[in-house]
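Here the structure is laid out as structure tokens; the discussion comes afterwards.
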Amino acid sequence: MANLILPPGWQGKERDVTDPATYWNRRAFLKQLGLGAIGLSLPATALACSPRTALPPPDGPLDTIPANAPRTGLPAARNTTFAVPERALTDRIAASSYNNFYEFKSQGDLKEVWPLTSDYKPFPMELSVKGMVEKPFKMDIGELITEMDLEERIYRFRCVEAWSMTVPWTGFPLRKLIERCKPLSTATYVRFVSTNRPKEMPGIRNASWYEWPYYEALRMDEAMNEVAFVATGMYGEPLPKQNGSPIRLALPWKYGYKGPKAIVEMAFMDRQPPTFWNDLQPLEYSFLSNVNPNIPHPRWTQASERFIADLEDIRRIPTQLFNGYADFVGDLYPNEVKG
Ligand SMILES: Nc1nc2c(c(=O)[nH]1)N[C@H]1C(S)=C(S)[C@@H](COP(=O)(O)O)O[C@H]1N2
Ligand SMILES: [Mo]
């Protein structure tokens, strides 16, 4: 792994040597090929510069828990409303070594995200509250985590690419954070933006054709739902960097990409905001993107999934409507329930 250490000055290399025309053509080319697909490999031109970090990689996938992450209230008491009785908890190492986080790595092996997080410093970080609110403001995310009442919820997790896990998240309901933001009653959507730190995130440098930073959005009624959760930790500890430190969303009835990691901005609005994957491939990644076995992805079935109990134990299981959360969120989607 020592070969990951490079002298300073290599950063931004690809951006510098690629002329804008080639650059934008490649971007259009990728779009055309449908390579917006989450986790697909890119053409050789995109691989010219493989991900690198300045600092040596962490020793293992759990050594990425930031030393200065708040630990007040950990481990938090479990909220037993959200049990997942039909399957095992995913092994903790698997949940923190099989990841999707394009800001660090946008192609290739999902198990190679954590080694690329050494330059990333999630604390301190600020969350900006904007748009249709009583008054725009910023808060320190570390202070927010310390101030909120934390609970643990065991949730199903389903990626659009049909792998799944069961994860014990620590955090608080998204509704509690929205209440702090004091949105106007006329706001009907909330938009989330992830941090944009190319110096700390090699995936941003190496896949510069994406529209960084990552951006997502929910309808207000979805965001205020009981299940929508802000995760600050998992398995009783603060979030490892690759799992979205300092805070990320856990929206278990939606495909994983609807849950942005490392959130630094929330903006309230009265029309539907654009979202990252929907902009790249609208036919493959809808705004709602609820887990639904009856709505296949154009290129694969969504009726079953590969459940990752641990990295050696991955089995096919059926996918449930709204990932098993129909009792909580079914009323939000009358059209999907009818089929
Ligand atoms: N900012 C940001 N958030 C993101 C992503 C990303 O690339 N960037 N990937 C999404 C996708 S596709 C999935 S499946 C989950 C993966 O979360 P995990 O690695 O903690 O399992 O994060 C989601 N949130
Ligand atoms: Mo995903």
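A note on labels: chains of the structure tokens are A, B, ... as shown, every chain counts residues from 1, and ligands are counted from 1 in their shown order.
Every residue having at least one atom no farther than 6 Å from ligand 1 is included below, with only C-alpha atoms and all ligand atoms taken into account: Asn99, Asn100, Phe101, Tyr102, Glu103, Cys159, Ser194, Tyr214, Asn243, Gly256, Tyr257, Gly259, Pro260 and Lys261 of chain A.
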Filtering to C-alpha atoms, could you give me those residues as a short mmCIF file (atom, residue, chain, number, x, y, z; two decimals), in the first residue's frame?
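Below is the file that was written, again_38.cif:
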```cif
data_model
loop_
_atom_site.label_atom_id
_atom_site.label_comp_id
_atom_site.auth_asym_id
_atom_site.auth_seq_id
_atom_site.Cartn_x
_atom_site.Cartn_y
_atom_site.Cartn_z
CA ASN A 99 -19.18 0.94 -0.09
CA ASN A 100 -20.43 3.36 -2.68
CA PHE A 101 -18.98 6.86 -2.31
CA TYR A 102 -18.06 8.36 -5.67
CA GLU A 103 -16.23 11.27 -4.08
CA CYS A 159 -28.69 -0.25 -3.30
CA SER A 194 -22.72 16.77 0.02
CA TYR A 214 -23.43 15.31 -5.00
CA ASN A 243 -20.00 5.48 5.38
CA GLY A 256 -29.28 3.88 -1.43
CA TYR A 257 -28.34 6.75 -3.73
CA GLY A 259 -29.38 9.03 0.89
CA PRO A 260 -26.54 11.56 0.50
CA LYS A 261 -23.39 11.24 2.60
#
```
Selection near region 284-294 of chain A, 6 Å with only C-alpha atoms, sequence-local residues under 4 positions removed, as a ChimeraX atom specification: /A:253-255,277-278,302-303,319,321-323
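Ranking A:Ala267, A:Ile145, A:Met234, A:Leu110 by their shortest atom-to-atom distance to ligand 2, with only C-alpha atoms and all ligand atoms included, puts A:Leu110 first.
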Could you pull the residues within 7 Å of Glu134 (chain A), counting only C-alpha atoms, minus those fewer than 3 positions along the same chain, as a VMD selection string? chain A and resid 182 to 184
Measure the distance from CA of Pro202 (chain A) to CA of Arg52 (chain A) in Å and round it to one decimal. 6.2 Å
As an NGL selection string, please: all residues of region 45-252 of chain A that backbone DSSP puts in strand (DSSP E or B). :A and (53 or 78 or 101 or 105 or 126-131 or 133 or 137-140 or 151-158 or 163-173 or 183 or 189-194 or 215-219 or 229-234 or 237-238 or 248-250)
What lies within 12 Å of Ala76 (chain A) using only C-alpha atoms, ignoring chain neighbours under 6 positions off, as number ranges by chain? A: 148-153, 168-172, 231-238
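Counting only C-alpha atoms, region 161-163 of chain A has the following residues at most 10 Å away, ignoring those fewer than 5 positions along the same chain: Ala37, Ile38, Gly39, Leu40, Tyr255, Gly256, Tyr257, Val291, His297, Arg299, Trp300, Thr301, Gln302, Ala303, Ser304, Glu305, Arg306, Phe307, Ile308, Ile314, Arg315, Arg316, Ile317 and Thr319 of chain A.
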Excluding Ser245 (chain A) and any residue of its chain fewer than 4 positions from it, enumerate the residues within 10 Å of it, using only C-alpha atoms, and give them as JSON, numbers by chain. {"A": [64, 65, 66, 69, 120, 121, 122, 123, 125, 231, 232, 233, 238, 239, 240, 241, 261, 262, 263]}
Could you turn the residues from that selection into a file that holds C-alpha atoms, as a PDB file, in the first residue's frame?
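File produced: out37.pdb:
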```
ATOM      1  CA  THR A  64     -11.421   5.514   9.493  1.00  0.00           C
ATOM      2  CA  ILE A  65     -13.678   6.548  12.387  1.00  0.00           C
ATOM      3  CA  PRO A  66     -12.461  10.134  12.959  1.00  0.00           C
ATOM      4  CA  ALA A  69     -15.933  12.622  16.165  1.00  0.00           C
ATOM      5  CA  TYR A 120     -10.535  13.364   4.402  1.00  0.00           C
ATOM      6  CA  LYS A 121     -11.185  15.318   7.642  1.00  0.00           C
ATOM      7  CA  PRO A 122     -14.932  15.319   8.381  1.00  0.00           C
ATOM      8  CA  PHE A 123     -14.620  17.371  11.596  1.00  0.00           C
ATOM      9  CA  MET A 125     -17.710  20.755   9.198  1.00  0.00           C
ATOM     10  CA  ALA A 231     -27.214   8.775  10.674  1.00  0.00           C
ATOM     11  CA  THR A 232     -24.315  10.002  12.797  1.00  0.00           C
ATOM     12  CA  GLY A 233     -22.968   6.547  13.588  1.00  0.00           C
ATOM     13  CA  PRO A 238     -19.391   7.289  15.038  1.00  0.00           C
ATOM     14  CA  LEU A 239     -19.634   6.829  11.258  1.00  0.00           C
ATOM     15  CA  PRO A 240     -16.481   5.638   9.511  1.00  0.00           C
ATOM     16  CA  LYS A 241     -15.499   8.146   6.811  1.00  0.00           C
ATOM     17  CA  LYS A 261     -23.386  11.243   2.600  1.00  0.00           C
ATOM     18  CA  ALA A 262     -21.359  14.042   4.236  1.00  0.00           C
ATOM     19  CA  ILE A 263     -24.214  16.544   4.010  1.00  0.00           C
TER      20      ILE A 263
END
```
Can you pull out every residue within 8 Å of region 139-144 of chain A, counting only C-alpha atoms, but drop anything in the same chain fewer than 6 positions away, and send it as a list in words? Ala69, Pro70, Phe123, Pro124, Met125, Glu126, Leu127, Ser128, Pro246 and Ile247 of chain A
I need the residues in region 107-216 of chain A that are alpha helix (DSSP H) according to DSSP; give them as a list of chain:residue names. A:Ile141, A:Gly142, A:Glu143, A:Leu144, A:Ile145, A:Thr146, A:Glu147, A:Leu174, A:Arg175, A:Lys176, A:Leu177, A:Ile178, A:Glu179, A:Arg180, A:Cys181, A:Pro202, A:Gly203, A:Ile204, A:Arg205, A:Asn206
Same residues, all heavy atoms, output as a compact mmCIF listing (two decimals), in the first residue's frame:
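Saved to again-v9.txt:
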```txt
# COMPACT_ATOMS: atom_id res chain seq x y z
N ILE A 141 -21.58 20.87 12.71
CA ILE A 141 -22.16 19.52 12.70
C ILE A 141 -21.76 18.73 13.95
O ILE A 141 -22.56 17.98 14.50
CB ILE A 141 -21.79 18.78 11.40
CG1 ILE A 141 -22.45 19.50 10.21
CG2 ILE A 141 -22.22 17.32 11.44
CD1 ILE A 141 -22.05 18.97 8.84
N GLY A 142 -20.54 18.92 14.44
CA GLY A 142 -20.12 18.26 15.67
C GLY A 142 -21.02 18.65 16.84
O GLY A 142 -21.44 17.80 17.64
N GLU A 143 -21.34 19.96 16.93
CA GLU A 143 -22.24 20.44 18.00
C GLU A 143 -23.63 19.85 17.82
O GLU A 143 -24.27 19.44 18.79
CB GLU A 143 -22.32 21.97 17.99
CG GLU A 143 -21.13 22.62 18.67
CD GLU A 143 -21.09 24.13 18.47
OE1 GLU A 143 -22.16 24.74 18.22
OE2 GLU A 143 -19.98 24.69 18.54
N LEU A 144 -24.09 19.81 16.59
CA LEU A 144 -25.42 19.23 16.31
C LEU A 144 -25.48 17.79 16.83
O LEU A 144 -26.42 17.41 17.55
CB LEU A 144 -25.70 19.27 14.80
CG LEU A 144 -26.95 18.52 14.33
CD1 LEU A 144 -28.21 19.32 14.66
CD2 LEU A 144 -26.89 18.21 12.83
N ILE A 145 -24.48 17.00 16.50
CA ILE A 145 -24.47 15.59 16.91
C ILE A 145 -24.47 15.47 18.44
O ILE A 145 -25.13 14.60 19.01
CB ILE A 145 -23.23 14.86 16.31
CG1 ILE A 145 -23.31 14.83 14.78
CG2 ILE A 145 -23.10 13.44 16.87
CD1 ILE A 145 -22.06 14.32 14.08
N THR A 146 -23.74 16.37 19.09
CA THR A 146 -23.66 16.33 20.56
C THR A 146 -24.99 16.73 21.19
O THR A 146 -25.37 16.20 22.24
CB THR A 146 -22.54 17.29 21.05
OG1 THR A 146 -21.36 16.96 20.33
CG2 THR A 146 -22.28 17.14 22.53
N GLU A 147 -25.70 17.65 20.55
CA GLU A 147 -26.94 18.18 21.14
C GLU A 147 -28.17 17.29 20.93
O GLU A 147 -29.09 17.33 21.72
CB GLU A 147 -27.24 19.57 20.55
CG GLU A 147 -26.32 20.65 21.08
CD GLU A 147 -26.35 21.93 20.25
OE1 GLU A 147 -27.32 22.12 19.48
OE2 GLU A 147 -25.39 22.71 20.37
N LEU A 174 -34.85 12.70 10.82
CA LEU A 174 -34.64 13.87 9.95
C LEU A 174 -35.61 15.00 10.33
O LEU A 174 -35.26 16.17 10.27
CB LEU A 174 -34.81 13.46 8.48
CG LEU A 174 -34.71 14.56 7.44
CD1 LEU A 174 -33.38 15.32 7.51
CD2 LEU A 174 -34.90 13.98 6.02
N ARG A 175 -36.82 14.62 10.73
CA ARG A 175 -37.82 15.61 11.14
C ARG A 175 -37.29 16.55 12.23
O ARG A 175 -37.53 17.75 12.20
CB ARG A 175 -39.08 14.89 11.63
CG ARG A 175 -40.22 15.82 12.04
CD ARG A 175 -41.50 15.04 12.38
NE ARG A 175 -41.24 13.85 13.18
CZ ARG A 175 -41.08 13.84 14.51
NH1 ARG A 175 -41.16 14.95 15.20
NH2 ARG A 175 -40.84 12.70 15.14
N LYS A 176 -36.51 16.00 13.16
CA LYS A 176 -35.97 16.84 14.26
C LYS A 176 -35.00 17.89 13.73
O LYS A 176 -34.94 19.00 14.25
CB LYS A 176 -35.24 15.96 15.28
CG LYS A 176 -36.11 14.90 15.91
CD LYS A 176 -36.67 15.38 17.23
CE LYS A 176 -37.41 14.24 17.91
NZ LYS A 176 -38.36 14.67 18.90
N LEU A 177 -34.23 17.52 12.71
CA LEU A 177 -33.29 18.47 12.12
C LEU A 177 -34.05 19.53 11.32
O LEU A 177 -33.74 20.72 11.38
CB LEU A 177 -32.29 17.73 11.22
CG LEU A 177 -31.28 18.58 10.46
CD1 LEU A 177 -30.47 19.48 11.40
CD2 LEU A 177 -30.34 17.70 9.65
N ILE A 178 -35.09 19.08 10.60
CA ILE A 178 -35.89 20.02 9.81
C ILE A 178 -36.57 21.04 10.73
O ILE A 178 -36.62 22.23 10.42
CB ILE A 178 -36.89 19.25 8.93
CG1 ILE A 178 -36.12 18.49 7.84
CG2 ILE A 178 -37.94 20.20 8.32
CD1 ILE A 178 -36.97 17.65 6.92
N GLU A 179 -37.04 20.56 11.87
CA GLU A 179 -37.67 21.50 12.81
C GLU A 179 -36.68 22.58 13.25
O GLU A 179 -37.03 23.76 13.36
CB GLU A 179 -38.24 20.74 14.02
CG GLU A 179 -39.56 20.05 13.68
CD GLU A 179 -39.97 18.96 14.68
OE1 GLU A 179 -39.26 18.76 15.69
OE2 GLU A 179 -41.01 18.31 14.42
N ARG A 180 -35.43 22.20 13.47
CA ARG A 180 -34.39 23.18 13.82
C ARG A 180 -34.17 24.21 12.72
O ARG A 180 -33.76 25.34 12.98
CB ARG A 180 -33.05 22.48 14.03
CG ARG A 180 -32.86 21.86 15.36
CD ARG A 180 -31.38 21.56 15.53
NE ARG A 180 -31.12 21.19 16.90
CZ ARG A 180 -30.01 21.50 17.57
NH1 ARG A 180 -29.04 22.14 17.00
NH2 ARG A 180 -29.85 21.13 18.82
N CYS A 181 -34.37 23.77 11.48
CA CYS A 181 -34.13 24.66 10.33
C CYS A 181 -35.23 25.71 10.17
O CYS A 181 -35.05 26.69 9.47
CB CYS A 181 -34.03 23.83 9.04
SG CYS A 181 -32.68 22.65 9.03
N PRO A 202 -10.21 11.86 -3.53
CA PRO A 202 -9.60 11.55 -4.83
C PRO A 202 -10.61 11.23 -5.93
O PRO A 202 -10.31 11.43 -7.11
CB PRO A 202 -8.70 10.35 -4.53
CG PRO A 202 -9.12 9.82 -3.21
CD PRO A 202 -9.75 10.95 -2.46
N GLY A 203 -11.81 10.76 -5.55
CA GLY A 203 -12.81 10.45 -6.57
C GLY A 203 -13.30 11.71 -7.29
O GLY A 203 -13.61 11.67 -8.48
N ILE A 204 -13.35 12.81 -6.57
CA ILE A 204 -13.76 14.08 -7.20
C ILE A 204 -12.70 14.50 -8.20
O ILE A 204 -13.00 14.90 -9.33
CB ILE A 204 -14.00 15.17 -6.13
CG1 ILE A 204 -15.20 14.80 -5.25
CG2 ILE A 204 -14.20 16.54 -6.78
CD1 ILE A 204 -15.61 15.86 -4.24
N ARG A 205 -11.44 14.35 -7.82
CA ARG A 205 -10.34 14.73 -8.74
C ARG A 205 -10.30 13.83 -9.96
O ARG A 205 -10.04 14.29 -11.07
CB ARG A 205 -9.00 14.62 -8.01
CG ARG A 205 -8.86 15.53 -6.82
CD ARG A 205 -7.40 15.62 -6.39
NE ARG A 205 -6.82 14.36 -5.95
CZ ARG A 205 -6.81 13.94 -4.70
NH1 ARG A 205 -7.36 14.66 -3.75
NH2 ARG A 205 -6.23 12.79 -4.38
N ASN A 206 -10.57 12.55 -9.75
CA ASN A 206 -10.39 11.59 -10.84
C ASN A 206 -11.61 11.41 -11.73
O ASN A 206 -11.51 10.87 -12.81
CB ASN A 206 -9.97 10.25 -10.27
CG ASN A 206 -8.53 10.29 -9.78
OD1 ASN A 206 -7.62 10.26 -10.59
ND2 ASN A 206 -8.35 10.44 -8.50
```
Rounded to one decimal place, report the CA of Glu336 (chain A)-CA of Ala228 (chain A) distance in Å.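 About the pair CA of Glu336 (chain A) and CA of Ala228 (chain A): they are 18.8 Å apart.
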Could you tell me how far CA of Val84 (chain A) lies from CA of Leu218 (chain A), in Å and to one decimal? 24.4 Å
From the set A:Glu216, A:Asp331, A:Phe157, A:Pro273, which residue has the shortest atom-to-atom contact distance to ligand 2, counting only C-alpha atoms and all ligand atoms?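 Comparing A:Glu216, A:Asp331, A:Phe157, A:Pro273 against ligand 2, the winner is A:Phe157.
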